[in-house]
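The structure appears right after this line, and notes come after that.
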Amino acid sequence: MTTSRMPALFLGHGSPMNVLEENRYTQAWRALGEQLPRPKAIVAVSAHWYTRGTAVTAMEHPKTIHDFGGFPQALFDTQYPAPGSPELAAELQSLLAPAQVIADTSEWGLDHGSWGVLIKMYPQADIPVVQLSIDGTQPAEYHFELGRKLAALRDRGIMIVASGNVVHNLRMVKWQGDTSPYPWAESFNQYVRDNLDYQGEHHPLVNYMQHEGAALSNPTPEHYLPLLYVLGGWDGKEPISVPIDGIEMAALSMLSVQIG
């Protein structure tokens, strides 16, 4: 065991165009990669691998998945050839028991929710990455509990990088004109920030649908749930910080959270 734990990160990933662009969000991700201890490996949890059951990428060379449409060709041409780690994938299967974790050796890879942020943090793509899927059949508490188990990896130099958006309503984004945030989006984003360091039973961010703005902020849960994989591993003593925050196009939160 190392003397200090690797941090765990939740990054609001936003538009795939952040891969090609430089802005205050991508600059914050780049700074994290430069300033944090270098991990031996990364376990990525992305909103964009939303499955029935839990799976983990278990191939030597995960492919770069371009799971989007209508963007410039340069985005589709971008590759992130980080190595995989079948060994780490097998360890996750044991660590997360009794949850059944399926080893995916060919179908998936790294989707833009994971490589889209990692390409800014670690542009050399030289750190092994395995990606864990989000079981869409399970309640929020299940994902929070998996986060508790994943935390053990941090003592061995492995970083948890989860990616989504705590406010994600594409049907209500404002593409032009007044793009100031909706009140419900601001309110829910602040609710998340206010409860990051909650200690006690019935965590308000696990029971997030109790907030009046939750349904509009998350019409579907897949972009919110990655946060719980990070919060679940908090030991109640580590510092919690917000490397970057902001709401884009009125309904897309770019809030990022760092544990440790």
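For the structure tokens, the naming scheme is as follows: chains receive sequential letters (A, B, ...) according to their order of presentation, residues are indexed from 1 within each chain, and ligands are indexed from 1 in presentation order.
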
Mind listing the strand (DSSP E) residues of stretch 19-245 of chain A, per DSSP on the backbone, as an NGL selection string? :A and (41-51 or 54-57 or 63-64 or 101-104 or 109-110 or 129-135 or 158-164 or 240-244)

Skipping near chain neighbours, those fewer than 5 positions away, what residues fall within 10 Å of A:Val192 using only C-alpha atoms, listed as a list of chain:residue names? A:Val166, A:Val167, A:Ser187, A:Asp197, A:Pro204, A:Leu205, A:Tyr208, A:His211, A:Leu227, A:Leu255

Keeping N, CA, C and O atoms, export the residues of the selection given above as a PDB file, in the first residue's frame.
```pdb
ATOM      1  N   VAL A 166     -23.824  16.409 -14.197  1.00  0.00           N
ATOM      2  CA  VAL A 166     -24.861  16.326 -13.166  1.00  0.00           C
ATOM      3  C   VAL A 166     -26.146  17.038 -13.581  1.00  0.00           C
ATOM      4  O   VAL A 166     -27.204  16.791 -13.004  1.00  0.00           O
ATOM      5  N   VAL A 167     -26.065  17.919 -14.546  1.00  0.00           N
ATOM      6  CA  VAL A 167     -27.251  18.458 -15.220  1.00  0.00           C
ATOM      7  C   VAL A 167     -27.064  18.150 -16.704  1.00  0.00           C
ATOM      8  O   VAL A 167     -26.063  18.557 -17.305  1.00  0.00           O
ATOM      9  N   SER A 187     -30.130  25.522  -9.586  1.00  0.00           N
ATOM     10  CA  SER A 187     -30.505  25.053  -8.266  1.00  0.00           C
ATOM     11  C   SER A 187     -30.006  23.632  -8.015  1.00  0.00           C
ATOM     12  O   SER A 187     -29.451  23.326  -6.949  1.00  0.00           O
ATOM     13  N   ASP A 197     -19.925  16.768   0.601  1.00  0.00           N
ATOM     14  CA  ASP A 197     -19.251  16.277   1.807  1.00  0.00           C
ATOM     15  C   ASP A 197     -20.245  15.805   2.870  1.00  0.00           C
ATOM     16  O   ASP A 197     -19.926  15.778   4.056  1.00  0.00           O
ATOM     17  N   PRO A 204     -28.095  12.585   0.427  1.00  0.00           N
ATOM     18  CA  PRO A 204     -28.982  13.332  -0.470  1.00  0.00           C
ATOM     19  C   PRO A 204     -28.584  13.255  -1.937  1.00  0.00           C
ATOM     20  O   PRO A 204     -29.426  13.484  -2.808  1.00  0.00           O
ATOM     21  N   LEU A 205     -27.334  12.925  -2.227  1.00  0.00           N
ATOM     22  CA  LEU A 205     -26.932  12.808  -3.631  1.00  0.00           C
ATOM     23  C   LEU A 205     -27.154  11.399  -4.177  1.00  0.00           C
ATOM     24  O   LEU A 205     -27.109  11.191  -5.385  1.00  0.00           O
ATOM     25  N   TYR A 208     -31.093  11.675  -4.936  1.00  0.00           N
ATOM     26  CA  TYR A 208     -31.093  12.987  -5.596  1.00  0.00           C
ATOM     27  C   TYR A 208     -32.427  13.371  -6.197  1.00  0.00           C
ATOM     28  O   TYR A 208     -32.711  14.558  -6.402  1.00  0.00           O
ATOM     29  N   HIS A 211     -34.845  16.245  -4.986  1.00  0.00           N
ATOM     30  CA  HIS A 211     -34.715  17.665  -5.293  1.00  0.00           C
ATOM     31  C   HIS A 211     -35.712  18.051  -6.385  1.00  0.00           C
ATOM     32  O   HIS A 211     -35.896  17.332  -7.375  1.00  0.00           O
ATOM     33  N   LEU A 227     -21.075  10.159 -10.964  1.00  0.00           N
ATOM     34  CA  LEU A 227     -20.654  10.890  -9.777  1.00  0.00           C
ATOM     35  C   LEU A 227     -20.643   9.988  -8.545  1.00  0.00           C
ATOM     36  O   LEU A 227     -19.770  10.107  -7.677  1.00  0.00           O
ATOM     37  N   LEU A 255     -19.692  20.759 -14.017  1.00  0.00           N
ATOM     38  CA  LEU A 255     -19.132  20.566 -12.696  1.00  0.00           C
ATOM     39  C   LEU A 255     -18.184  19.365 -12.664  1.00  0.00           C
ATOM     40  O   LEU A 255     -18.523  18.282 -13.133  1.00  0.00           O
TER      41      LEU A 255
END
```

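With only C-alpha atoms as the atoms that count, the residue of A:Leu170, A:His223, A:Ile259, A:Ser94 with the shortest distance to A:Asp235 is A:Ile259.
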
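Closest approach to A:Val161 among A:Leu132, A:Leu92, A:Leu216, A:Ala251: A:Leu132, based on only C-alpha atoms.
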
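Nearest-residue note for A:Phe71: choosing from A:Val19, A:Ile119, A:Leu32, A:Met172, the minimum distance belongs to A:Val19, counting only C-alpha atoms.
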
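For A:Leu153, the set of protein, DNA and RNA residues having any atom at most 9 Å away, when counting only C-alpha atoms and skipping those fewer than 5 positions along the same chain, is A:Arg5, A:Met6, A:Ile158, A:Met159, A:Ile160.
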
Written selection (N, CA, C and O atoms) as an mmCIF file, in the first residue's frame:
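Output (selection_39.cif):
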```cif
data_model
loop_
_atom_site.group_PDB
_atom_site.id
_atom_site.type_symbol
_atom_site.label_atom_id
_atom_site.label_comp_id
_atom_site.auth_asym_id
_atom_site.auth_seq_id
_atom_site.Cartn_x
_atom_site.Cartn_y
_atom_site.Cartn_z
ATOM 1 N N ARG A 5 -3.277 8.012 -1.000
ATOM 2 C CA ARG A 5 -4.203 7.463 -1.977
ATOM 3 C C ARG A 5 -4.176 8.287 -3.261
ATOM 4 O O ARG A 5 -3.995 9.496 -3.225
ATOM 5 N N MET A 6 -4.437 7.622 -4.371
ATOM 6 C CA MET A 6 -4.653 8.351 -5.611
ATOM 7 C C MET A 6 -5.981 9.092 -5.513
ATOM 8 O O MET A 6 -6.922 8.604 -4.877
ATOM 9 N N ILE A 158 -4.017 3.376 -8.395
ATOM 10 C CA ILE A 158 -4.977 3.347 -9.504
ATOM 11 C C ILE A 158 -5.977 4.486 -9.321
ATOM 12 O O ILE A 158 -6.549 4.662 -8.249
ATOM 13 N N MET A 159 -6.172 5.264 -10.358
ATOM 14 C CA MET A 159 -7.068 6.424 -10.306
ATOM 15 C C MET A 159 -8.452 6.054 -10.832
ATOM 16 O O MET A 159 -8.574 5.339 -11.833
ATOM 17 N N ILE A 160 -9.475 6.538 -10.166
ATOM 18 C CA ILE A 160 -10.855 6.412 -10.639
ATOM 19 C C ILE A 160 -11.215 7.713 -11.350
ATOM 20 O O ILE A 160 -11.114 8.795 -10.768
#
```

Distance query A:Leu75 at most 8 Å, only C-alpha atoms, self and fewer than 2 positions along chain excluded, as a CSV table (one decimal) with all heavy atoms, in the first residue's frame:
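Saved as selection38.csv:
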```
chain,number,residue,atom,x,y,z
A,16,PRO,N,-18.6,16.5,-27.2
A,16,PRO,CA,-17.4,15.9,-27.8
A,16,PRO,C,-16.4,16.9,-28.4
A,16,PRO,O,-15.2,16.6,-28.5
A,16,PRO,CB,-18.0,15.0,-28.9
A,16,PRO,CG,-19.4,14.7,-28.4
A,16,PRO,CD,-19.8,15.9,-27.8
A,17,MET,N,-16.9,18.1,-28.8
A,17,MET,CA,-16.0,19.1,-29.4
A,17,MET,C,-14.9,19.6,-28.4
A,17,MET,O,-14.0,20.1,-28.8
A,17,MET,CB,-16.9,20.3,-29.8
A,17,MET,CG,-17.6,20.0,-31.1
A,17,MET,SD,-16.5,19.6,-32.5
A,17,MET,CE,-15.7,21.1,-32.8
A,19,VAL,N,-12.8,17.8,-27.2
A,19,VAL,CA,-11.6,17.1,-27.7
A,19,VAL,C,-10.8,18.0,-28.6
A,19,VAL,O,-9.5,18.0,-28.5
A,19,VAL,CB,-12.0,15.8,-28.4
A,19,VAL,CG1,-10.8,15.1,-29.1
A,19,VAL,CG2,-12.7,14.8,-27.4
A,20,LEU,N,-11.4,18.7,-29.5
A,20,LEU,CA,-10.7,19.5,-30.4
A,20,LEU,C,-10.5,20.9,-29.9
A,20,LEU,O,-9.5,21.6,-30.4
A,20,LEU,CB,-11.5,19.6,-31.7
A,20,LEU,CG,-11.8,18.3,-32.5
A,20,LEU,CD1,-12.6,18.6,-33.7
A,20,LEU,CD2,-10.5,17.5,-32.8
A,71,PHE,N,-20.5,15.7,-36.2
A,71,PHE,CA,-19.3,16.5,-35.8
A,71,PHE,C,-18.3,16.5,-36.9
A,71,PHE,O,-18.3,15.7,-37.8
A,71,PHE,CB,-18.7,16.0,-34.5
A,71,PHE,CG,-19.6,16.2,-33.3
A,71,PHE,CD1,-20.5,15.2,-32.9
A,71,PHE,CD2,-19.6,17.5,-32.6
A,71,PHE,CE1,-21.3,15.5,-31.8
A,71,PHE,CE2,-20.5,17.7,-31.6
A,71,PHE,CZ,-21.3,16.7,-31.1
A,72,PRO,N,-17.3,17.4,-36.8
A,72,PRO,CA,-16.2,17.4,-37.9
A,72,PRO,C,-15.5,16.1,-38.0
A,72,PRO,O,-15.3,15.4,-37.0
A,72,PRO,CB,-15.3,18.6,-37.4
A,72,PRO,CG,-16.2,19.4,-36.5
A,72,PRO,CD,-17.1,18.5,-35.8
A,73,GLN,N,-15.0,15.9,-39.2
A,73,GLN,CA,-14.2,14.6,-39.5
A,73,GLN,C,-13.0,14.5,-38.6
A,73,GLN,O,-12.6,13.4,-38.2
A,73,GLN,CB,-13.8,14.6,-40.9
A,73,GLN,CG,-13.1,13.3,-41.4
A,73,GLN,CD,-14.0,12.1,-41.2
A,73,GLN,OE1,-15.2,12.1,-41.4
A,73,GLN,NE2,-13.5,11.0,-40.7
A,77,ASP,N,-11.4,11.2,-36.7
A,77,ASP,CA,-10.1,10.8,-37.0
A,77,ASP,C,-9.2,10.7,-35.7
A,77,ASP,O,-8.2,10.1,-35.8
A,77,ASP,CB,-9.4,11.8,-38.0
A,77,ASP,CG,-10.1,11.8,-39.3
A,77,ASP,OD1,-10.7,10.8,-39.7
A,77,ASP,OD2,-9.9,12.7,-40.1
A,78,THR,N,-9.7,11.3,-34.6
A,78,THR,CA,-8.9,11.3,-33.4
A,78,THR,C,-8.9,9.9,-32.8
A,78,THR,O,-10.0,9.3,-32.6
A,78,THR,CB,-9.4,12.3,-32.4
A,78,THR,OG1,-9.4,13.6,-33.0
A,78,THR,CG2,-8.5,12.4,-31.2
```
